[in-house]
file structure00.tsv (TSV, C-alpha atoms and all ligand atoms)
chain	number	residue	atom	x	y	z
W	240	MET	CA	-76.21	-16.53	-41.26
W	241	ALA	CA	-73.56	-14.13	-40.04
W	242	ASP	CA	-74.33	-10.47	-40.02
W	243	SER	CA	-71.70	-8.33	-41.69
W	244	ASP	CA	-72.60	-5.25	-39.63
W	245	GLU	CA	-72.23	-7.23	-36.44
W	246	LEU	CA	-68.84	-8.54	-37.57
W	247	ARG	CA	-67.71	-5.04	-38.51
W	248	GLY	CA	-68.76	-3.85	-35.06
W	249	ARG	CA	-66.78	-6.62	-33.42
W	250	LEU	CA	-63.73	-5.78	-35.54
W	251	ALA	CA	-63.98	-2.11	-34.57
W	252	ALA	CA	-64.29	-3.04	-30.89
W	253	LEU	CA	-61.28	-5.28	-31.26
W	254	GLU	CA	-59.26	-2.40	-32.71
W	255	THR	CA	-59.88	-0.33	-29.56
W	256	GLU	CA	-58.26	-3.19	-27.65
W	257	LEU	CA	-54.96	-2.04	-29.16
W	258	VAL	CA	-54.48	0.60	-26.47
W	259	HIS	CA	-54.93	-2.03	-23.77
W	260	ILE	CA	-52.02	-4.17	-24.87
W	261	PRO	CA	-49.68	-3.71	-21.88
W	262	SER	CA	-46.11	-2.68	-22.60
W	263	LEU	CA	-43.84	-3.42	-19.60
W	264	ASP	CA	-45.71	-6.42	-18.26
W	265	PRO	CA	-44.49	-9.68	-19.77
W	266	ARG	CA	-47.35	-11.80	-18.46
W	267	GLY	CA	-50.03	-9.25	-19.42
W	268	LEU	CA	-48.58	-9.02	-22.91
W	269	GLU	CA	-48.62	-12.76	-23.37
W	270	ALA	CA	-52.23	-12.94	-22.16
W	271	ALA	CA	-53.29	-10.13	-24.53
W	272	GLU	CA	-51.62	-11.87	-27.45
W	273	VAL	CA	-53.54	-15.06	-26.70
W	274	ARG	CA	-56.80	-13.22	-26.12
W	275	LEU	CA	-56.66	-11.21	-29.36
W	276	LEU	CA	-54.67	-13.33	-31.78
W	277	GLY	CA	-54.76	-16.83	-30.27
W	278	ARG	CA	-55.21	-19.40	-33.04
W	279	LYS	CA	-57.84	-21.44	-31.22
W	280	GLN	CA	-59.97	-18.97	-29.30
W	281	GLY	CA	-58.50	-15.58	-29.97
W	282	ALA	CA	-61.04	-12.80	-30.63
W	283	LEU	CA	-59.89	-12.30	-34.20
W	284	THR	CA	-59.92	-16.03	-34.91
W	285	GLU	CA	-63.52	-16.18	-33.67
W	286	ILE	CA	-64.46	-13.46	-36.16
W	287	LEU	CA	-62.57	-15.13	-39.04
W	288	LYS	CA	-64.42	-18.37	-38.31
W	289	LEU	CA	-67.69	-16.59	-39.07
W	290	LEU	CA	-66.57	-15.15	-42.43
W	291	PRO	CA	-67.67	-18.14	-44.56
W	292	GLY	CA	-71.25	-17.41	-43.42
W	293	LEU	CA	-71.28	-14.03	-45.15
W	294	PRO	CA	-72.45	-13.44	-48.71
W	295	PRO	CA	-69.39	-13.43	-51.08
W	296	ASP	CA	-69.13	-9.64	-51.63
W	297	GLN	CA	-69.48	-8.84	-47.94
W	298	ARG	CA	-67.11	-11.69	-47.10
W	299	ARG	CA	-64.42	-9.97	-49.20
W	300	THR	CA	-64.76	-6.51	-47.59
W	301	VAL	CA	-65.09	-7.81	-44.02
W	302	GLY	CA	-62.28	-10.30	-44.68
W	303	GLY	CA	-60.03	-7.50	-45.95
W	304	GLU	CA	-60.85	-5.46	-42.85
W	305	ALA	CA	-60.09	-8.45	-40.60
W	306	ASN	CA	-56.71	-9.03	-42.30
W	307	ARG	CA	-55.74	-5.38	-41.88
W	308	LEU	CA	-56.63	-5.54	-38.18
W	309	LYS	CA	-54.67	-8.76	-37.82
W	310	GLN	CA	-51.53	-7.07	-39.17
W	311	VAL	CA	-52.00	-4.04	-36.93
W	312	LEU	CA	-52.44	-6.22	-33.84
W	313	GLU	CA	-49.48	-8.44	-34.69
W	314	ALA	CA	-47.25	-5.40	-35.28
W	315	ALA	CA	-48.33	-3.95	-31.93
W	316	VAL	CA	-47.44	-7.17	-30.09
W	317	VAL	CA	-44.01	-7.32	-31.79
W	318	ALA	CA	-43.33	-3.67	-30.84
W	319	ARG	CA	-44.32	-4.27	-27.20
W	320	LYS	CA	-42.06	-7.32	-27.01
W	321	ALA	CA	-39.12	-5.26	-28.28
W	322	GLU	CA	-39.84	-2.54	-25.70
W	323	LEU	CA	-39.94	-5.16	-22.99
W	324	ALA	CA	-36.60	-6.71	-24.01
W	325	GLN	CA	-34.93	-3.27	-24.08
W	326	ALA	CA	-36.31	-2.36	-20.65
W	327	ALA	CA	-35.09	-5.66	-19.19
W	328	THR	CA	-31.54	-5.06	-20.47
W	329	ALA	CA	-31.53	-1.53	-19.03
W	330	ALA	CA	-32.79	-2.78	-15.66
W	331	ALA	CA	-30.10	-5.43	-15.50
W	332	ALA	CA	-27.43	-2.84	-16.25
W	333	ARG	CA	-28.81	-0.46	-13.63
W	334	GLY	CA	-29.82	-2.78	-10.85
W	335	LEU	CA	-28.53	-5.75	-8.92
W	336	ASP	CA	-29.45	-9.29	-9.71
W	337	LEU	CA	-29.51	-10.63	-6.18
W	338	THR	CA	-29.75	-14.20	-7.37
W	339	MET	CA	-26.24	-14.04	-8.88
W	340	PRO	CA	-23.36	-15.50	-6.84
W	341	GLY	CA	-20.94	-12.86	-5.52
W	342	ARG	CA	-17.57	-12.26	-7.12
W	343	LEU	CA	-14.42	-12.83	-5.07
W	344	ARG	CA	-12.59	-9.55	-4.56
W	345	HIS	CA	-8.98	-9.34	-3.46
W	346	GLY	CA	-8.42	-6.48	-1.03
W	347	GLY	CA	-4.97	-4.87	-1.06
W	348	GLY	CA	-2.65	-5.26	1.89
W	349	VAL	CA	0.41	-3.56	3.31
W	350	HIS	CA	3.63	-5.57	3.57
W	351	PRO	CA	4.85	-5.86	7.19
W	352	VAL	CA	8.20	-4.24	6.31
W	353	THR	CA	6.38	-1.31	4.66
W	354	THR	CA	4.21	-0.94	7.78
W	355	VAL	CA	7.30	-0.77	9.99
W	356	VAL	CA	9.08	1.69	7.64
W	357	GLU	CA	6.07	4.01	7.52
W	358	GLU	CA	5.65	3.99	11.30
W	359	ILE	CA	9.33	4.78	11.86
W	360	VAL	CA	9.31	7.58	9.27
W	361	ALA	CA	6.15	9.02	10.89
W	362	ILE	CA	7.76	9.10	14.37
W	363	PHE	CA	10.81	10.97	13.05
W	364	HIS	CA	8.53	13.22	11.02
W	365	GLY	CA	7.04	14.30	14.36
W	366	LEU	CA	10.57	15.33	15.44
W	367	GLY	CA	11.09	17.49	12.34
W	368	PHE	CA	12.84	14.96	10.08
W	369	ALA	CA	11.94	15.05	6.37
W	370	ARG	CA	12.05	11.98	4.10
W	371	ALA	CA	14.89	11.75	1.59
W	372	GLY	CA	16.10	9.17	-0.94
W	373	GLY	CA	19.05	8.32	-3.16
W	374	PRO	CA	20.19	5.91	-5.90
W	375	GLU	CA	20.70	2.18	-5.33
W	376	ALA	CA	23.53	2.05	-7.88
W	377	GLU	CA	26.38	4.02	-6.35
W	378	THR	CA	30.07	4.59	-6.81
W	379	GLU	CA	32.78	3.42	-4.42
W	380	TRP	CA	33.29	7.07	-3.51
W	381	TYR	CA	29.74	7.60	-2.22
W	382	ASN	CA	29.36	4.16	-0.64
W	383	PHE	CA	32.81	4.04	1.04
W	384	GLY	CA	35.33	6.80	0.31
W	385	ALA	CA	33.28	9.85	1.26
W	386	LEU	CA	32.18	7.96	4.38
W	387	ASN	CA	35.79	7.74	5.57
W	388	PHE	CA	36.32	4.04	4.87
W	389	PRO	CA	40.08	3.49	4.42
W	390	PRO	CA	40.92	2.24	0.89
W	391	ASP	CA	41.62	-1.31	2.07
W	392	HIS	CA	38.54	-1.69	4.28
W	393	PRO	CA	37.28	-5.31	4.31
W	394	ALA	CA	33.70	-4.17	3.57
W	395	MET	CA	34.88	-3.29	0.05
W	396	ASP	CA	35.88	-6.89	-0.49
W	397	LEU	CA	34.27	-8.75	-3.38
W	398	HIS	CA	32.86	-11.09	-0.76
W	399	ASP	CA	30.52	-8.45	0.65
W	400	THR	CA	29.85	-5.96	-2.11
W	401	LEU	CA	28.05	-6.48	-5.42
W	402	TYR	CA	30.04	-4.55	-8.03
W	403	LEU	CA	28.40	-3.53	-11.29
W	404	ASP	CA	30.15	-4.19	-14.56
W	405	ILE	CA	29.64	-0.79	-16.21
W	406	PRO	CA	32.36	0.28	-18.69
W	407	ASP	CA	31.68	4.03	-18.44
W	408	ARG	CA	31.58	4.70	-14.75
W	409	ARG	CA	30.14	8.19	-15.00
W	410	GLY	CA	26.34	8.46	-14.78
W	411	PRO	CA	24.38	10.04	-17.67
W	412	ALA	CA	23.82	13.29	-15.73
W	413	GLU	CA	27.53	13.65	-15.10
W	414	ARG	CA	28.40	12.99	-18.76
W	415	ARG	CA	25.92	15.66	-19.81
W	416	ARG	CA	27.32	18.14	-17.31
W	417	ASN	CA	30.87	17.63	-18.58
W	418	ARG	CA	29.86	17.92	-22.22
W	419	SER	CA	27.95	21.16	-21.77
W	420	SER	CA	30.59	22.93	-19.66
W	421	GLY	CA	31.60	25.89	-21.82
W	422	VAL	CA	34.46	27.07	-19.64
W	423	ALA	CA	37.17	24.42	-19.70
W	424	SER	CA	39.02	23.53	-22.89
W	425	ASP	CA	38.51	20.06	-24.35
W	426	PHE	CA	41.78	18.94	-22.88
W	427	GLU	CA	41.04	20.33	-19.42
W	428	ARG	CA	37.56	18.88	-19.54
W	429	ARG	CA	38.80	15.39	-20.28
W	430	ASP	CA	41.37	15.72	-17.52
W	431	LEU	CA	38.70	16.87	-15.07
W	432	SER	CA	36.26	14.07	-15.85
W	433	ASP	CA	39.03	11.47	-15.84
W	434	ARG	CA	40.05	12.57	-12.39
W	435	ARG	CA	36.46	12.60	-11.22
W	436	GLU	CA	36.05	9.11	-12.65
W	437	ARG	CA	39.13	7.85	-10.87
W	438	GLU	CA	37.89	9.33	-7.61
W	439	GLN	CA	34.45	7.82	-8.00
W	440	GLY	CA	35.88	4.33	-8.43
W	441	ARG	CA	33.80	1.38	-9.53
W	442	TRP	CA	30.00	1.20	-9.70
W	443	LEU	CA	28.31	-0.99	-7.11
W	444	LEU	CA	24.96	-1.68	-5.48
W	445	ARG	CA	24.94	0.34	-2.25
W	446	THR	CA	25.65	-1.81	0.79
W	447	HIS	CA	23.92	0.65	3.14
W	448	THR	CA	21.83	3.82	2.97
W	449	SER	CA	24.69	5.93	4.41
W	450	PRO	CA	25.84	7.23	0.95
W	451	VAL	CA	22.60	9.23	0.91
W	452	GLN	CA	24.01	11.19	3.90
W	453	ILE	CA	26.67	12.46	1.49
W	454	ARG	CA	24.20	13.26	-1.29
W	455	VAL	CA	21.88	15.16	1.07
W	456	LEU	CA	24.74	17.21	2.60
W	457	GLN	CA	26.09	18.02	-0.87
W	458	GLN	CA	22.69	19.30	-1.90
W	459	GLU	CA	21.52	21.36	1.04
W	460	PRO	CA	23.39	23.32	3.70
W	461	PRO	CA	22.70	22.62	7.40
W	462	PRO	CA	20.45	22.58	9.32
W	463	VAL	CA	19.58	19.14	7.93
W	464	ARG	CA	17.24	16.58	9.46
W	465	VAL	CA	16.31	13.61	7.25
W	466	VAL	CA	15.30	9.96	7.40
W	467	ILE	CA	16.14	7.84	4.36
W	468	PRO	CA	14.36	4.51	3.84
W	469	GLY	CA	15.68	2.33	1.03
W	470	TRP	CA	16.92	-1.02	-0.27
W	471	VAL	CA	20.51	-2.11	0.24
W	472	TYR	CA	22.46	-5.04	-1.21
W	473	ARG	CA	25.03	-7.44	0.19
W	474	LYS	CA	26.62	-10.49	-1.29
W	475	ASP	CA	25.01	-12.86	1.20
W	476	THR	CA	23.43	-16.25	0.64
W	477	PHE	CA	19.68	-16.08	1.20
W	478	ASP	CA	19.15	-17.99	4.46
W	479	ALA	CA	16.98	-17.72	7.59
W	480	SER	CA	18.84	-14.64	8.88
W	481	HIS	CA	20.44	-13.09	5.74
W	482	ALA	CA	18.90	-11.56	2.64
W	483	PRO	CA	20.94	-10.28	-0.33
W	484	VAL	CA	18.54	-7.33	-0.56
W	485	PHE	CA	17.02	-5.77	2.52
W	486	ALA	CA	15.54	-2.52	3.79
W	487	GLN	CA	17.39	0.07	5.84
W	488	ILE	CA	16.42	3.43	7.31
W	489	GLU	CA	19.16	6.01	7.64
W	490	GLY	CA	18.83	9.08	9.84
W	491	LEU	CA	20.91	12.26	9.75
W	492	ALA	CA	20.79	15.49	11.76
W	493	VAL	CA	23.42	18.20	11.19
W	494	ASP	CA	23.32	21.66	12.75
W	495	GLU	CA	25.30	23.94	15.04
W	496	GLY	CA	25.63	22.62	18.57
W	497	ILE	CA	24.33	19.06	18.11
W	498	THR	CA	25.81	16.72	20.76
W	499	PHE	CA	25.68	13.07	21.75
W	500	VAL	CA	22.89	14.03	24.18
W	501	ASP	CA	20.70	14.90	21.19
W	502	LEU	CA	21.49	11.51	19.66
W	503	LYS	CA	20.58	9.63	22.85
W	504	ALA	CA	17.43	11.66	23.52
W	505	THR	CA	16.17	11.38	19.94
W	506	LEU	CA	16.75	7.63	19.64
W	507	SER	CA	15.38	6.90	23.15
W	508	HIS	CA	12.23	8.84	22.30
W	509	PHE	CA	11.91	6.89	19.06
W	510	ALA	CA	12.28	3.55	20.89
W	511	ARG	CA	9.55	4.39	23.40
W	512	GLU	CA	7.23	5.63	20.65
W	513	PHE	CA	7.76	2.58	18.48
W	514	PHE	CA	8.14	-0.25	20.99
W	515	GLY	CA	6.00	1.16	23.85
W	516	ALA	CA	6.41	3.58	26.77
W	517	ARG	CA	7.87	0.93	29.10
W	518	THR	CA	10.75	0.07	26.75
W	519	SER	CA	14.27	0.48	28.17
W	520	VAL	CA	17.22	1.34	25.96
W	521	ARG	CA	20.95	0.95	26.32
W	522	PHE	CA	23.86	2.21	24.25
W	523	ARG	CA	27.00	0.12	23.72
W	524	PRO	CA	30.22	1.49	22.23
W	525	SER	CA	30.78	0.41	18.63
W	526	PHE	CA	32.74	1.40	15.54
W	527	PHE	CA	31.84	2.80	12.12
W	528	PRO	CA	34.35	4.68	9.94
W	529	PHE	CA	31.86	7.52	9.37
W	530	THR	CA	30.89	8.21	13.00
W	531	GLU	CA	32.99	9.07	16.05
W	532	PRO	CA	32.11	8.15	18.71
W	533	SER	CA	29.93	5.27	17.51
W	534	ALA	CA	27.33	3.23	19.37
W	535	GLU	CA	24.81	0.48	19.02
W	536	MET	CA	21.41	0.81	20.64
W	537	ASP	CA	19.54	-2.10	22.21
W	538	VAL	CA	15.92	-2.08	23.39
W	539	SER	CA	14.48	-4.34	26.08
W	540	CYS	CA	12.99	-7.46	24.47
W	541	GLY	CA	9.34	-6.89	23.64
W	542	VAL	CA	8.53	-10.60	23.88
W	543	CYS	CA	9.72	-11.25	27.47
W	544	GLY	CA	9.97	-7.68	28.73
W	545	GLY	CA	13.69	-8.10	29.42
W	546	LYS	CA	13.67	-11.33	31.43
W	547	GLY	CA	15.28	-13.38	28.68
W	548	CYS	CA	13.57	-15.65	26.15
W	549	PRO	CA	14.36	-17.44	22.87
W	550	ALA	CA	13.47	-14.29	20.84
W	551	CYS	CA	16.29	-12.31	22.52
W	552	LYS	CA	18.49	-15.40	22.90
W	553	GLY	CA	18.17	-15.12	26.68
W	554	THR	CA	19.79	-11.69	26.90
W	555	GLY	CA	16.65	-9.60	27.49
W	556	TRP	CA	17.85	-7.12	24.82
W	557	MET	CA	17.41	-6.67	21.10
W	558	GLU	CA	19.93	-4.80	18.98
W	559	ILE	CA	18.05	-2.21	16.95
W	560	LEU	CA	20.46	0.22	15.32
W	561	GLY	CA	23.95	1.59	14.80
W	562	ALA	CA	24.58	5.28	15.38
W	563	GLY	CA	27.17	7.91	16.17
W	564	MET	CA	28.33	11.51	15.79
W	565	VAL	CA	29.06	12.30	12.13
W	566	HIS	CA	32.85	12.10	11.61
W	567	PRO	CA	34.39	15.55	10.90
W	568	THR	CA	36.06	14.12	7.78
W	569	VAL	CA	32.62	13.15	6.40
W	570	LEU	CA	31.33	16.70	6.91
W	571	ALA	CA	34.43	18.11	5.24
W	572	ASN	CA	33.99	15.69	2.31
W	573	CYS	CA	30.57	17.23	1.69
W	574	GLY	CA	31.78	20.83	1.94
W	575	VAL	CA	30.31	21.31	5.43
W	576	ASP	CA	32.57	23.11	7.92
W	577	PRO	CA	33.30	20.66	10.78
W	578	GLU	CA	34.45	23.52	13.01
W	579	ARG	CA	31.01	25.06	12.86
W	580	TYR	CA	28.67	22.09	12.48
W	581	THR	CA	28.21	18.76	14.24
W	582	GLY	CA	25.64	16.04	13.73
W	583	PHE	CA	24.50	12.53	14.48
W	584	ALA	CA	23.54	9.67	12.19
W	585	PHE	CA	21.90	6.29	12.66
W	586	GLY	CA	20.96	3.28	10.59
W	587	MET	CA	18.49	0.48	11.30
W	588	GLY	CA	16.95	-2.53	9.61
W	589	PRO	CA	13.14	-2.40	9.49
W	590	GLY	CA	13.08	-6.01	8.20
W	591	ARG	CA	14.76	-7.22	11.37
W	592	ILE	CA	12.41	-5.08	13.46
W	593	ALA	CA	9.42	-6.61	11.63
W	594	LEU	CA	10.72	-10.14	12.37
W	595	ASN	CA	10.87	-9.29	16.05
W	596	ARG	CA	7.57	-7.47	16.22
W	597	TYR	CA	5.55	-10.15	14.44
W	598	GLY	CA	7.53	-13.15	15.71
W	599	ILE	CA	8.52	-14.24	12.17
W	600	PRO	CA	11.17	-16.99	12.37
W	601	ASP	CA	12.75	-16.71	8.90
W	602	ILE	CA	13.71	-13.54	6.98
W	603	ARG	CA	13.01	-15.28	3.66
W	604	LEU	CA	9.29	-15.18	4.48
W	605	LEU	CA	9.43	-11.38	4.24
W	606	TYR	CA	10.75	-11.28	0.71
W	607	GLU	CA	9.30	-14.32	-1.07
W	608	GLY	CA	5.86	-12.83	-1.78
W	609	ASP	CA	3.94	-15.94	-0.69
W	610	MET	CA	0.26	-14.95	-0.50
W	611	ARG	CA	-0.42	-17.39	2.35
W	612	PHE	CA	2.12	-15.50	4.44
W	613	LEU	CA	1.18	-11.98	3.30
W	614	GLN	CA	-2.53	-12.58	3.86
W	615	GLN	CA	-1.85	-12.65	7.60
W	616	PHE	CA	-0.83	-9.00	7.46
W	617	GLY	CA	-3.94	-7.10	6.53
W	618	LEU	CA	-5.04	-8.54	3.19
W	619	ARG	CA	-8.70	-7.90	3.79
W	620	ALA	CA	-11.60	-10.28	3.28
W	621	PRO	CA	-13.94	-9.56	0.34
W	622	GLY	CA	-16.22	-6.61	1.06
W	623	GLU	CA	-14.53	-5.74	4.34
W	624	LEU	CA	-13.78	-2.05	4.76
W	625	ALA	CA	-10.43	-0.70	5.83
I	701	LIG	N1	25.50	2.14	7.72
I	701	LIG	C1	25.62	1.35	8.93
I	701	LIG	C2	25.34	-0.13	8.56
I	701	LIG	O1	24.87	-0.41	7.50
I	701	LIG	C3	24.66	1.78	9.98
I	701	LIG	C4	24.95	3.16	10.50
I	701	LIG	C5	24.36	4.27	9.91
I	701	LIG	C6	25.78	3.36	11.59
I	701	LIG	C7	24.63	5.54	10.39
I	701	LIG	C8	26.03	4.59	12.09
I	701	LIG	C9	25.46	5.69	11.50
I	701	LIG	O2	25.61	-1.00	9.35
call {"tool": "encode", "arguments": {"input": "structure00.tsv", "output": "structure tokens", "more": "lines below"}}
Ligand code: PHE
result
Amino acid sequence: MADSDELRGRLAALETELVHIPSLDPRGLEAAEVRLLGRKQGALTEILKLLPGLPPDQRRTVGGEANRLKQVLEAAVVARKAELAQAATAAAARGLDLTMPGRLRHGGGVHPVTTVVEEIVAIFHGLGFARAGGPEAETEWYNFGALNFPPDHPAMDLHDTLYLDIPDRRGPAERRRNRSSGVASDFERRDLSDRREREQGRWLLRTHTSPVQIRVLQQEPPPVRVVIPGWVYRKDTFDASHAPVFAQIEGLAVDEGITFVDLKATLSHFAREFFGARTSVRFRPSFFPFTEPSAEMDVSCGVCGGKGCPACKGTGWMEILGAGMVHPTVLANCGVDPERYTGFAFGMGPGRIALNRYGIPDIRLLYEGDMRFLQQFGLRAPGELA
């Protein structure tokens, strides 16, 4: 015969077990659930098995007590399981699951032409040259006329220049300026802008960065020292040595007393900084409408050191840039007094320099954006630091 007092005592003892149900220990929780509520040998089950041995009235009260305890224990287990699930989610969000496979990260890279441009700009920066820029869509006046090209110059030919089909050849800023001018009468205003339009000529994509020389000199009085990196356009078929769009860097220095010696010294210094201290330079006479005298500068071939190799086509020299003393007419076109000021200008192709420096055989590789090519220039491996 079961003893109701004994069973009550066991139920009370079981209730104190509540506080021992572990909360953040999945295995401990499972074990406690089995130990207390297990259907075969759980502590509560063992007590329930003894109930039929009690007299009917005691069976009812002890049974009611047992059922209450069962609900309390079950609720406690459910609550602990919920706590556990929440804690696991938080831990996963906070910590690392080291068993997970890593994710592939693509590191950024710098395009070889950009690298060359930035290095060149930095060298001239050290000599006091600031960086300047200008529009890629230009007028004939800025691209040719102001730069002293005669009106029938072959460079203006449709074969070389990409003209833009724009009905109103004045830019938006210029239209606004004309409209808001309160001084001239309507008639005078139209006459003025018509003349300006005629002088500007057709719109085109700039064929060199030299028009920015004009824009800079129009904007600020000498002394001026700027380098101007930018894209230029020519109507060329894309082949191994020609690109219809390519990078140029223009340089301009205008001040009192600037001579050809300054040009030679500045560009020789640049060549030794960029190509190495042992680099030799030579200047050959050349012609540009906007410089007089004009020159081209060669540097000793970096591949063979000047002995002659396929990279320099056996000459030992590589042509790097065109340069010259700014033509007095160009200064006058910008409102700069050519009696007082002189200057030098130069222009080079960083794309061509990149081909030489990295031994790249085809200019198309520079501008096609093929990842297999670009990855060889500093696209970093996953996780690798700069
Ligand atoms: N603009 C010339 C070119 O595109 C280069 C140049 C710039 C030459 C400045 C002299 C002075 O070929």
call {"tool": "atom_distance", "arguments": {"input": "structure00.tsv", "atom1": "CA of Gly367 in chain W", "atom2": "CA of Val466 in chain W"}}
result
9.9 Å
call {"tool": "residues_near_ligand", "arguments": {"input": "structure00.tsv", "ligand": "ligand LIG 701 (chain I)", "cutoff": "8 Å", "atoms": "all atoms listed in the file", "output": "ChimeraX atom specification"}}
result
/W:446-449,487,489-491,527,529-530,533-534,560-565,583-587
call {"tool": "closest_residue", "arguments": {"input": "structure00.tsv", "among": "W:Phe513, W:Phe477, W:Tyr381, W:Trp442", "to": "Val569 in chain W", "atoms": "all atoms listed in the file"}}
result
W:Tyr381
call {"tool": "axis_aligned_box", "arguments": {"input": "structure00.tsv", "around": "range 439-443 of chain W", "padding_each_side": "6 Å", "output": "lines of an AutoDock Vina configuration file"}}
result
center_x = 32.1
center_y = 3.4
center_z = -8.4
size_x = 19.6
size_y = 20.8
size_z = 14.6
call {"tool": "atom_distance", "arguments": {"input": "structure00.tsv", "atom1": "CA of Ile559 in chain W", "atom2": "CA of Pro483 in chain W"}}
result
19.3 Å
